[in-house]
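Undergrad: To be precise about what I am sending: the file is called entry.txt and holds compact mmCIF, C-alpha atoms.
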```
# COMPACT_ATOMS: atom_id res chain seq x y z
CA MET A 257 -28.31 30.13 -22.33
CA THR A 258 -26.64 29.00 -19.17
CA GLU A 259 -28.79 28.51 -16.12
CA VAL A 260 -27.26 29.27 -12.77
CA GLU A 261 -28.36 26.93 -10.02
CA PRO A 262 -29.22 28.62 -6.74
CA SER A 263 -26.75 27.92 -3.96
CA CYS A 264 -27.85 25.48 -1.29
CA HIS A 265 -25.10 26.51 1.09
CA THR A 266 -25.87 28.78 4.05
CA VAL A 267 -23.15 31.10 5.21
CA VAL A 268 -23.29 31.82 8.95
CA VAL A 269 -21.69 35.06 9.95
CA SER A 270 -20.74 35.36 13.62
CA VAL A 271 -21.27 38.86 14.87
CA LYS A 272 -19.47 39.79 18.07
CA PRO A 273 -21.89 41.57 20.39
CA SER A 274 -21.10 45.13 21.30
CA PRO A 275 -19.57 45.58 24.77
CA VAL A 276 -21.91 46.61 27.55
CA VAL A 277 -21.71 50.34 28.26
CA PRO A 278 -20.04 50.71 31.68
CA ALA A 279 -22.07 52.40 34.42
CA PRO A 280 -20.42 55.31 36.26
CA ALA A 281 -19.18 54.32 39.71
CA ALA A 282 -17.18 55.90 42.52
CA THR A 283 -15.00 54.34 45.20
CA LEU A 284 -13.56 55.90 48.35
CA VAL A 285 -10.41 54.64 50.08
CA LEU A 286 -10.48 55.73 53.71
CA LEU A 287 -7.20 55.98 55.65
CA ARG A 288 -6.47 56.53 59.33
CA ASP A 289 -3.27 56.65 61.37
CA ARG A 290 -2.36 53.99 63.90
CA SER A 291 -1.29 55.01 67.39
CA ALA A 292 1.76 52.73 67.15
CA GLY A 293 2.83 54.30 63.85
CA GLY A 294 1.93 53.85 60.24
CA PHE A 295 -1.60 53.85 58.92
CA GLU A 296 -4.38 51.53 57.84
CA LEU A 297 -7.09 51.49 55.19
CA LEU A 298 -10.67 50.29 55.21
CA LEU A 299 -11.67 47.16 53.31
CA ILE A 300 -15.22 45.86 53.24
CA GLN A 301 -16.51 42.45 52.21
CA ARG A 302 -19.32 42.37 49.69
CA HIS A 303 -22.24 40.03 50.29
CA ARG A 304 -21.63 36.57 48.82
CA ALA A 305 -24.86 36.86 46.84
CA SER A 306 -23.80 40.10 45.12
CA LYS A 307 -23.94 40.20 41.33
CA PHE A 308 -20.49 41.82 41.21
CA ALA A 309 -17.40 40.95 43.27
CA ALA A 310 -19.38 38.57 45.47
CA GLY A 311 -17.50 37.83 48.70
CA ASP A 312 -14.53 39.98 47.74
CA TYR A 313 -12.99 42.65 49.94
CA VAL A 314 -13.16 46.03 48.23
CA PHE A 315 -13.22 49.72 49.11
CA PRO A 316 -16.57 51.38 49.88
CA GLY A 317 -18.37 52.60 46.78
CA GLY A 318 -20.87 51.82 44.08
CA LYS A 319 -22.81 53.17 41.13
CA VAL A 320 -23.22 56.91 40.77
CA ALA A 321 -26.95 57.67 40.78
CA ALA A 322 -28.79 60.36 38.85
CA ASP A 323 -29.59 62.01 42.19
CA ASP A 324 -25.85 62.42 42.80
CA SER A 325 -25.83 65.23 40.22
CA PRO A 326 -27.94 67.92 41.94
CA ASP A 327 -29.32 71.12 40.48
CA ASP A 328 -27.78 73.08 43.37
CA PRO A 329 -24.30 71.52 43.82
CA THR A 330 -22.79 74.48 45.67
CA ALA A 331 -25.32 73.96 48.46
CA TRP A 332 -24.10 70.38 48.84
CA CYS A 333 -20.33 70.52 48.45
CA ALA A 334 -17.46 72.20 50.25
CA GLY A 335 -14.52 73.52 48.27
CA LEU A 336 -15.54 72.02 44.94
CA ASP A 337 -17.70 73.28 42.09
CA VAL A 338 -18.80 71.69 38.84
CA THR A 339 -16.03 73.33 36.81
CA ASP A 340 -13.27 72.03 39.09
CA ALA A 341 -14.81 68.56 39.16
CA ALA A 342 -15.12 68.42 35.38
CA SER A 343 -11.54 69.58 34.85
CA THR A 344 -10.16 67.07 37.34
CA LEU A 345 -11.92 64.11 35.73
CA GLY A 346 -11.61 65.29 32.14
CA LEU A 347 -15.38 65.56 31.78
CA GLU A 348 -15.67 69.17 30.67
CA THR A 349 -18.70 68.32 28.53
CA ALA A 350 -20.56 66.87 31.53
CA PRO A 351 -19.69 68.98 34.59
CA ARG A 352 -22.69 67.98 36.71
CA THR A 353 -21.98 64.33 36.00
CA ALA A 354 -18.39 64.87 37.11
CA LEU A 355 -19.40 66.32 40.46
CA GLY A 356 -21.71 63.35 40.96
CA TYR A 357 -18.68 61.08 41.35
CA TRP A 358 -17.60 62.92 44.52
CA ILE A 359 -21.13 62.91 45.92
CA GLY A 360 -21.70 59.28 44.98
CA ALA A 361 -18.48 58.18 46.70
CA ILE A 362 -19.53 59.86 49.96
CA ARG A 363 -23.13 58.64 49.75
CA GLU A 364 -22.18 55.03 49.03
CA THR A 365 -19.66 55.02 51.89
CA PHE A 366 -22.35 56.25 54.28
CA GLU A 367 -24.85 53.66 53.09
CA GLU A 368 -22.43 50.76 53.30
CA VAL A 369 -20.45 51.46 56.48
CA GLY A 370 -22.09 54.48 58.16
CA ILE A 371 -19.10 56.83 57.83
CA LEU A 372 -20.22 60.26 56.66
CA LEU A 373 -17.74 62.79 55.32
CA ALA A 374 -19.70 65.96 56.01
CA TYR A 375 -19.59 69.16 58.05
CA ASP A 376 -22.29 70.41 60.38
CA ALA A 377 -23.69 73.96 60.33
CA SER A 378 -20.70 75.22 62.36
CA GLY A 379 -18.20 73.77 59.89
CA GLN A 380 -17.10 70.91 62.17
CA TRP A 381 -17.09 67.21 61.37
CA VAL A 382 -20.61 65.87 61.71
CA ARG A 383 -21.55 63.62 64.62
CA LEU A 384 -24.94 62.14 63.84
CA ASP A 385 -27.12 60.63 66.49
CA PRO A 386 -26.76 56.82 66.07
CA GLY A 387 -30.50 56.41 65.65
CA VAL A 388 -30.66 59.11 62.99
CA SER A 389 -27.71 57.58 61.16
CA ALA A 390 -29.14 54.05 61.21
CA ALA A 391 -32.55 55.20 59.97
CA ALA A 392 -30.99 57.30 57.22
CA ARG A 393 -28.87 54.40 55.98
CA VAL A 394 -31.95 52.19 55.69
CA ALA A 395 -33.82 54.95 53.88
CA CYS A 396 -30.92 55.52 51.46
CA HIS A 397 -30.87 51.85 50.51
CA LYS A 398 -34.51 52.15 49.50
CA ASP A 399 -34.19 55.51 47.71
CA ASN A 400 -31.03 57.51 47.02
CA ARG A 401 -32.98 60.75 47.44
CA ALA A 402 -33.09 60.07 51.18
CA PHE A 403 -29.44 61.13 51.31
CA ARG A 404 -30.34 64.62 50.15
CA ASP A 405 -33.15 64.70 52.72
CA LEU A 406 -30.63 63.85 55.46
CA LEU A 407 -28.29 66.64 54.42
CA ALA A 408 -31.12 69.17 54.38
CA ALA A 409 -32.62 68.05 57.70
CA GLU A 410 -29.27 68.10 59.53
CA ARG A 411 -27.96 71.19 57.69
CA LEU A 412 -24.88 69.35 56.45
CA THR A 413 -22.33 70.10 53.74
CA LEU A 414 -20.41 67.27 52.12
CA ALA A 415 -16.64 67.30 52.72
CA THR A 416 -15.81 67.02 49.04
CA ASP A 417 -12.76 69.18 49.73
CA ARG A 418 -11.22 66.25 51.61
CA LEU A 419 -11.33 63.77 48.70
CA ARG A 420 -8.38 63.36 46.36
CA TYR A 421 -8.98 61.70 42.98
CA PHE A 422 -6.18 59.23 42.22
CA ALA A 423 -7.23 56.39 39.86
CA HIS A 424 -9.57 55.47 37.00
CA TRP A 425 -10.45 51.89 36.07
CA ILE A 426 -12.96 50.54 33.53
CA THR A 427 -14.21 46.96 33.72
CA PRO A 428 -13.07 44.77 30.78
CA GLU A 429 -15.20 44.80 27.63
CA GLU A 430 -15.63 41.03 27.95
CA ASN A 431 -17.59 41.37 31.21
CA PRO A 432 -21.41 41.38 31.11
CA LEU A 433 -21.49 43.77 34.10
CA ARG A 434 -19.25 46.80 33.65
CA PHE A 435 -18.31 49.93 35.60
CA ASP A 436 -16.42 53.12 34.80
CA THR A 437 -14.95 53.72 38.25
CA ARG A 438 -13.22 56.77 39.68
CA PHE A 439 -11.17 56.18 42.84
CA PHE A 440 -10.81 58.75 45.61
CA VAL A 441 -8.88 58.74 48.86
CA ALA A 442 -9.50 60.65 52.10
CA MET A 443 -8.72 60.62 55.78
CA ALA A 444 -11.48 58.95 57.78
CA PRO A 445 -13.38 61.46 59.95
CA PRO A 446 -12.46 61.26 63.64
CA ASP A 447 -14.82 59.52 66.05
CA GLN A 448 -16.55 57.57 63.29
CA ASP A 449 -16.09 53.86 62.78
CA ALA A 450 -17.21 51.49 60.06
CA VAL A 451 -20.25 49.30 60.66
CA ALA A 452 -21.35 46.92 57.90
CA ASP A 453 -24.91 47.44 56.70
CA GLU A 454 -25.47 43.63 56.60
CA HIS A 455 -27.24 44.24 53.31
CA GLU A 456 -24.56 44.80 50.71
CA ILE A 457 -21.64 44.52 53.14
CA ILE A 458 -21.05 41.71 55.63
CA ASP A 459 -17.63 42.52 57.12
CA VAL A 460 -15.28 45.48 57.62
CA ARG A 461 -11.55 45.43 58.28
CA TRP A 462 -8.98 48.14 58.94
CA LEU A 463 -5.65 46.78 57.67
CA GLY A 464 -2.23 48.26 57.04
CA PRO A 465 -1.18 48.19 53.37
CA ARG A 466 1.33 45.36 53.74
CA GLU A 467 -0.99 43.54 56.13
CA ALA A 468 -3.81 43.66 53.57
CA LEU A 469 -1.64 42.26 50.79
CA GLU A 470 -0.14 39.55 53.00
CA THR A 471 -3.59 38.54 54.24
CA PHE A 472 -4.65 38.24 50.60
CA LYS A 473 -1.59 36.12 49.71
CA ARG A 474 -2.40 33.74 52.56
CA GLY A 475 -5.88 33.28 51.11
CA GLU A 476 -7.64 34.76 54.14
CA ILE A 477 -9.38 37.43 52.07
CA SER A 478 -10.04 37.76 48.34
CA LEU A 479 -9.02 40.93 46.51
CA ARG A 480 -9.64 41.92 42.90
CA ARG A 481 -6.79 43.21 40.74
CA PRO A 482 -7.86 46.90 40.92
CA THR A 483 -8.00 46.67 44.72
CA VAL A 484 -4.51 45.17 44.93
CA GLU A 485 -3.02 47.75 42.57
CA ASN A 486 -4.72 50.66 44.32
CA ILE A 487 -3.60 49.51 47.78
CA LYS A 488 -0.05 49.67 46.43
CA LEU A 489 -0.64 53.01 44.74
CA VAL A 490 -2.43 54.86 47.53
CA SER A 491 -0.05 53.62 50.22
CA GLY A 492 3.15 54.53 48.40
CA LEU A 493 4.26 50.92 47.95
CA ALA A 494 4.03 51.18 44.15
CA ALA A 495 6.35 54.19 44.05
CA THR A 496 8.98 53.43 46.68
CA GLY A 497 8.44 49.87 47.86
CA GLU A 498 7.66 51.19 51.32
CA PRO A 499 4.39 52.63 52.63
CA ALA A 500 4.25 56.30 53.59
CA GLU A 501 4.81 57.06 57.26
CA THR A 502 1.37 58.62 57.81
CA ALA A 503 -2.00 58.60 56.13
CA GLN A 504 -1.77 62.28 55.22
CA ALA A 505 1.69 61.78 53.73
CA ALA A 506 0.28 59.00 51.55
CA ILE A 507 -2.50 61.29 50.32
CA ASP A 508 -0.14 64.20 49.71
CA ALA A 509 2.18 61.99 47.64
CA LEU A 510 -0.62 61.43 45.11
CA ALA A 511 -0.84 65.13 44.22
CA GLY A 512 -0.02 66.12 40.67
CA ARG A 513 0.30 62.63 39.23
CA THR A 514 -1.02 61.80 35.77
CA ILE A 515 -4.03 59.51 36.11
CA PRO A 516 -4.29 56.99 33.27
CA THR A 517 -7.49 55.17 32.36
CA ILE A 518 -6.90 51.47 33.01
CA ARG A 519 -9.08 48.99 31.16
CA PRO A 520 -7.89 45.38 31.43
CA ARG A 521 -9.08 42.70 29.07
CA VAL A 522 -10.00 39.13 30.00
CA VAL A 523 -8.99 36.02 28.06
CA THR A 524 -9.95 32.43 28.80
CA GLU A 525 -7.12 29.95 29.19
CA ASN A 526 -7.77 26.30 30.06
CA GLY A 527 -11.34 27.20 30.92
CA LYS A 528 -10.31 29.91 33.37
CA PRO A 529 -10.44 33.70 32.90
CA ARG A 530 -7.14 35.55 33.01
CA PRO A 531 -6.93 39.36 33.19
CA ILE A 532 -4.38 41.15 31.02
CA MET A 533 -3.33 44.67 31.96
CA PRO A 534 -2.61 47.45 29.44
CA GLY A 535 0.98 47.11 28.24
CA GLU A 536 1.16 43.39 28.97
CA PRO A 537 1.50 40.84 26.12
CA GLY A 538 -1.90 39.90 24.76
CA TRP A 539 -3.62 43.18 25.51
CA TYR A 540 -5.51 44.69 22.58
```
Before anything else, please render the file you have as structure tokens.

TA:
Amino acid sequence: MTEVEPSCHTVVVSVKPSPVVPAPAATLVLLRDRSAGGFELLLIQRHRASKFAAGDYVFPGGKVAADDSPDDPTAWCAGLDVTDAASTLGLETAPRTALGYWIGAIRETFEEVGILLAYDASGQWVRLDPGVSAAARVACHKDNRAFRDLLAAERLTLATDRLRYFAHWITPEENPLRFDTRFFVAMAPPDQDAVADEHEIIDVRWLGPREALETFKRGEISLRRPTVENIKLVSGLAATGEPAETAQAAIDALAGRTIPTIRPRVVTENGKPRPIMPGEPGWY
């Protein structure tokens, strides 16, 4: 009878961890015309201690909160219902979640820079008392539900009819902090200017599309790849090589386009991360 000796070798199997599930997020690109011609867009600098995009210039936005999907959405939103929102984003199985992206984009913009896309009880652009606005921004940072309280107290309706959805990016699977981000664009309300909250945001800049990209190339500001690509896209530079003549023309040019989901991957080369876009060599 042959005796089989037990193996003394240990086989180590490396199991690749599952990617982090990306959190829903919404971003709003605000445009305004310049008196001398052309238009500019709002970029904001994230605090250098931020966990994500620290020190970078980005568009206003952030995570979509559970409170951004209300039980009574028609009382909040102008010209948009849950069915339309779900169809636009391809989220027919989660219509309330879909509408939350519009609400989250407006809420985050208000929290970060104090610009509120909303109508008053007469249907005109809101003009909040500066003291009311400042107090509400502080309250919203502490609890997202304060935004709903502001809308109710001031009898406001969100200007969701002014936002155009134009891009969808998902953070690479390799990242430990991930977001599933929907990008919107809108004209900035008149008589409102951006003021950094000095909490999440430490600087604000209105820059023309070419000006923003040239400032980035000179190393005066840092931009992430999605920000660069979406400056080109929303301005018209990606399509024609020249920016649109006006902000509204830029927004109108985005109508009817197919919106792909863009999820880059990240590889490490010589100890440094390098993003690879879909369609580029080395992508999955």

Undergrad: Nearest residue to A:Pro531 out of A:Gly317, A:Pro351, A:Gly464, A:Pro428, using all atoms listed in the file?

TA: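 For A:Pro531, the nearest of the given residues is A:Pro428.
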
Undergrad: Find the residues around A:Gly311 up to 9 Å (all atoms listed in the file counted), leave out those fewer than 5 positions away in its own chain, and share them as a count of residues only.

TA: 9

Undergrad: Expressed in Å to a single decimal, how great is the separation between atom CA of A:Ile507 and atom CA of A:Met443?

TA: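 According to the coordinates, atom CA of A:Ile507 and atom CA of A:Met443 are separated by 8.3 Å.
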
Undergrad: If I put a ball of radius 8 Å at (-1.6, 50.8, 35.5) in the file's coordinates, which residues poke into it when counting only C-alpha atoms, written as a list in words?

TA: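 Returned residue set, sorted by chain then number, is Glu485, Pro516, Thr517, Ile518, Met533 and Pro534 of chain A.
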
Undergrad: Can you check which parts of stretch 257-345 of chain A lie within 7 Å of stretch 356-372 of chain A? Per residue, the shortest pair of atoms and distance in Å to one decimal, counting only C-alpha atoms, sorted by chain and number, as a Markdown table.

TA:
```
| residue | atom | partner | partner_atom | distance |
| --- | --- | --- | --- | --- |
| A:Ala281 | CA | A:Tyr357 | CA | 7.0 |
| A:Ala282 | CA | A:Ala361 | CA | 4.9 |
| A:Thr283 | CA | A:Ala361 | CA | 5.4 |
| A:Leu284 | CA | A:Ala361 | CA | 5.7 |
| A:Pro316 | CA | A:Thr365 | CA | 5.2 |
| A:Gly317 | CA | A:Glu364 | CA | 5.0 |
| A:Gly318 | CA | A:Glu364 | CA | 6.0 |
| A:Val320 | CA | A:Gly360 | CA | 5.1 |
| A:Ala321 | CA | A:Gly360 | CA | 6.9 |
| A:Asp324 | CA | A:Gly356 | CA | 4.6 |
| A:Ser325 | CA | A:Gly356 | CA | 4.6 |
```

Undergrad: Find the spatial neighbours of A:Val388, counting all atoms listed in the file, within a cut-off of 12 Å - ignore same-chain residues fewer than 2 positions away - and output them as a PyMOL selection string.

TA: chain A and resi 370+383-386+390-395+403+405-407+409-410

Undergrad: For atom CA of A:Asp328 and atom CA of A:Thr349, quote the distance in Å rounded to one decimal.

TA: 18.0 Å

Undergrad: Which distance in Å separates atom CA of A:Leu479 and atom CA of A:Ala292, to one decimal?

TA: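 The value is 26.1 Å.
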
Undergrad: When you count all atoms listed in the file, which of these residues is closest to A:Arg513: A:Pro273, A:Leu412, A:His455, A:Thr344?

TA: A:Thr344

Undergrad: Compare A:Ala279, A:Glu454, A:Ala415, A:Arg519 by their minimum atom-to-atom distance to A:His397, counting all atoms listed in the file, and give me the closest one.

TA: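 Distance minimum relative to A:His397 lands on A:Glu454.
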
Undergrad: Quick one: residues within 9 Å of A:Val484, only C-alpha atoms counted, chain neighbours fewer than 5 positions away excluded, as a PyMOL selection string?

TA: chain A and resi 468-469+472+479+489

Undergrad: Could you save the residues just selected, with C-alpha atoms, as a compact mmCIF listing (two decimals), in the coordinates of the input?

TA:
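selection29.txt, freshly written:
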```txt
# COMPACT_ATOMS: atom_id res chain seq x y z
CA ALA A 468 -3.81 43.66 53.57
CA LEU A 469 -1.64 42.26 50.79
CA PHE A 472 -4.65 38.24 50.60
CA LEU A 479 -9.02 40.93 46.51
CA LEU A 489 -0.64 53.01 44.74
```

Undergrad: For A:Thr339, work out the shell of residues within 10 Å, counting only C-alpha atoms and skipping chain neighbours fewer than 5 positions away, then give it as a list in words.

TA: Thr344, Leu347, Glu348, Ala350, Pro351, Arg352, Ala354 and Leu355 of chain A

Undergrad: For the interface of stretch 457-477 of chain A with stretch 445-451 of chain A (cut-off 10 Å, counting only C-alpha atoms), please tabulate each contacting residue of stretch 457-477 of chain A alongside its nearest pair of atoms and their separation in Å to one decimal, rows sorted by chain and increasing number, as JSON lines.

TA:
```
{"residue": "A:Ile457", "atom": "CA", "partner": "A:Val451", "partner_atom": "CA", "distance": 9.0}
{"residue": "A:Ile458", "atom": "CA", "partner": "A:Val451", "partner_atom": "CA", "distance": 9.1}
{"residue": "A:Asp459", "atom": "CA", "partner": "A:Val451", "partner_atom": "CA", "distance": 8.1}
{"residue": "A:Val460", "atom": "CA", "partner": "A:Ala450", "partner_atom": "CA", "distance": 6.8}
{"residue": "A:Arg461", "atom": "CA", "partner": "A:Ala450", "partner_atom": "CA", "distance": 8.5}
{"residue": "A:Trp462", "atom": "CA", "partner": "A:Ala450", "partner_atom": "CA", "distance": 9.0}
```

Undergrad: Rank nothing, just name the residue among A:Ala342, A:Ile515, A:Ala331, A:Gly527 nearest to A:His424, using only C-alpha atoms.

TA: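 Of the candidates, the smallest distance to A:His424 is held by A:Ile515.
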
Undergrad: Using only C-alpha atoms, which of A:Val490, A:Val522, A:Cys333, A:Ala511 sits nearest A:Arg404?

TA: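 Ranking A:Val490, A:Val522, A:Cys333, A:Ala511 by distance to A:Arg404, first place goes to A:Cys333.
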
Undergrad: Can you list, as an MDAnalysis selection string, every protein, DNA or RNA residue that comes within 12 Å of A:Arg530 when you count all atoms listed in the file, leaving out same-chain residues fewer than 4 positions away?

TA: chainID A and resid 428 430 481 520:526 538:539

Undergrad: N, CA and C atoms for stretch 310-330 of chain A, written as a short mmCIF file (atom, residue, chain, number, x, y, z; two decimals), in the frame of the given file, could you do that?

TA:
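Listed below is the output, out_35.cif:
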```cif
data_model
loop_
_atom_site.label_atom_id
_atom_site.label_comp_id
_atom_site.auth_asym_id
_atom_site.auth_seq_id
_atom_site.Cartn_x
_atom_site.Cartn_y
_atom_site.Cartn_z
N ALA A 310 -18.76 39.26 44.34
CA ALA A 310 -19.38 38.57 45.47
C ALA A 310 -18.32 37.99 46.41
N GLY A 311 -18.41 38.35 47.70
CA GLY A 311 -17.50 37.83 48.70
C GLY A 311 -16.14 38.48 48.75
N ASP A 312 -15.84 39.33 47.77
CA ASP A 312 -14.53 39.98 47.74
C ASP A 312 -14.46 41.14 48.72
N TYR A 313 -13.23 41.46 49.15
CA TYR A 313 -12.99 42.65 49.94
C TYR A 313 -12.62 43.79 48.99
N VAL A 314 -13.31 44.88 49.13
CA VAL A 314 -13.16 46.03 48.23
C VAL A 314 -13.14 47.30 49.08
N PHE A 315 -13.05 48.44 48.43
CA PHE A 315 -13.22 49.72 49.11
C PHE A 315 -14.70 50.11 49.04
N PRO A 316 -15.17 50.92 49.97
CA PRO A 316 -16.57 51.38 49.88
C PRO A 316 -16.83 52.10 48.56
N GLY A 317 -18.02 51.92 48.03
CA GLY A 317 -18.37 52.60 46.78
C GLY A 317 -19.46 51.87 46.04
N GLY A 318 -19.83 52.41 44.89
CA GLY A 318 -20.87 51.82 44.08
C GLY A 318 -21.24 52.72 42.93
N LYS A 319 -22.37 52.41 42.30
CA LYS A 319 -22.81 53.17 41.13
C LYS A 319 -23.17 54.60 41.50
N VAL A 320 -22.82 55.51 40.62
CA VAL A 320 -23.22 56.91 40.77
C VAL A 320 -24.65 57.04 40.27
N ALA A 321 -25.54 57.55 41.11
CA ALA A 321 -26.95 57.67 40.78
C ALA A 321 -27.26 59.02 40.15
N ALA A 322 -28.38 59.09 39.45
CA ALA A 322 -28.79 60.36 38.85
C ALA A 322 -28.96 61.44 39.92
N ASP A 323 -29.39 61.05 41.11
CA ASP A 323 -29.59 62.01 42.19
C ASP A 323 -28.28 62.52 42.77
N ASP A 324 -27.15 61.94 42.35
CA ASP A 324 -25.85 62.42 42.80
C ASP A 324 -25.37 63.62 41.99
N SER A 325 -26.15 64.05 41.02
CA SER A 325 -25.83 65.23 40.22
C SER A 325 -26.92 66.28 40.45
N PRO A 326 -26.85 67.01 41.54
CA PRO A 326 -27.94 67.92 41.94
C PRO A 326 -28.01 69.19 41.10
N ASP A 327 -29.15 69.83 41.16
CA ASP A 327 -29.32 71.12 40.48
C ASP A 327 -28.61 72.24 41.24
N ASP A 328 -28.39 72.05 42.53
CA ASP A 328 -27.78 73.08 43.37
C ASP A 328 -26.51 72.56 44.03
N PRO A 329 -25.48 72.19 43.26
CA PRO A 329 -24.30 71.52 43.82
C PRO A 329 -23.55 72.35 44.86
N THR A 330 -23.53 73.67 44.71
CA THR A 330 -22.79 74.48 45.67
C THR A 330 -23.40 74.44 47.06
#
```
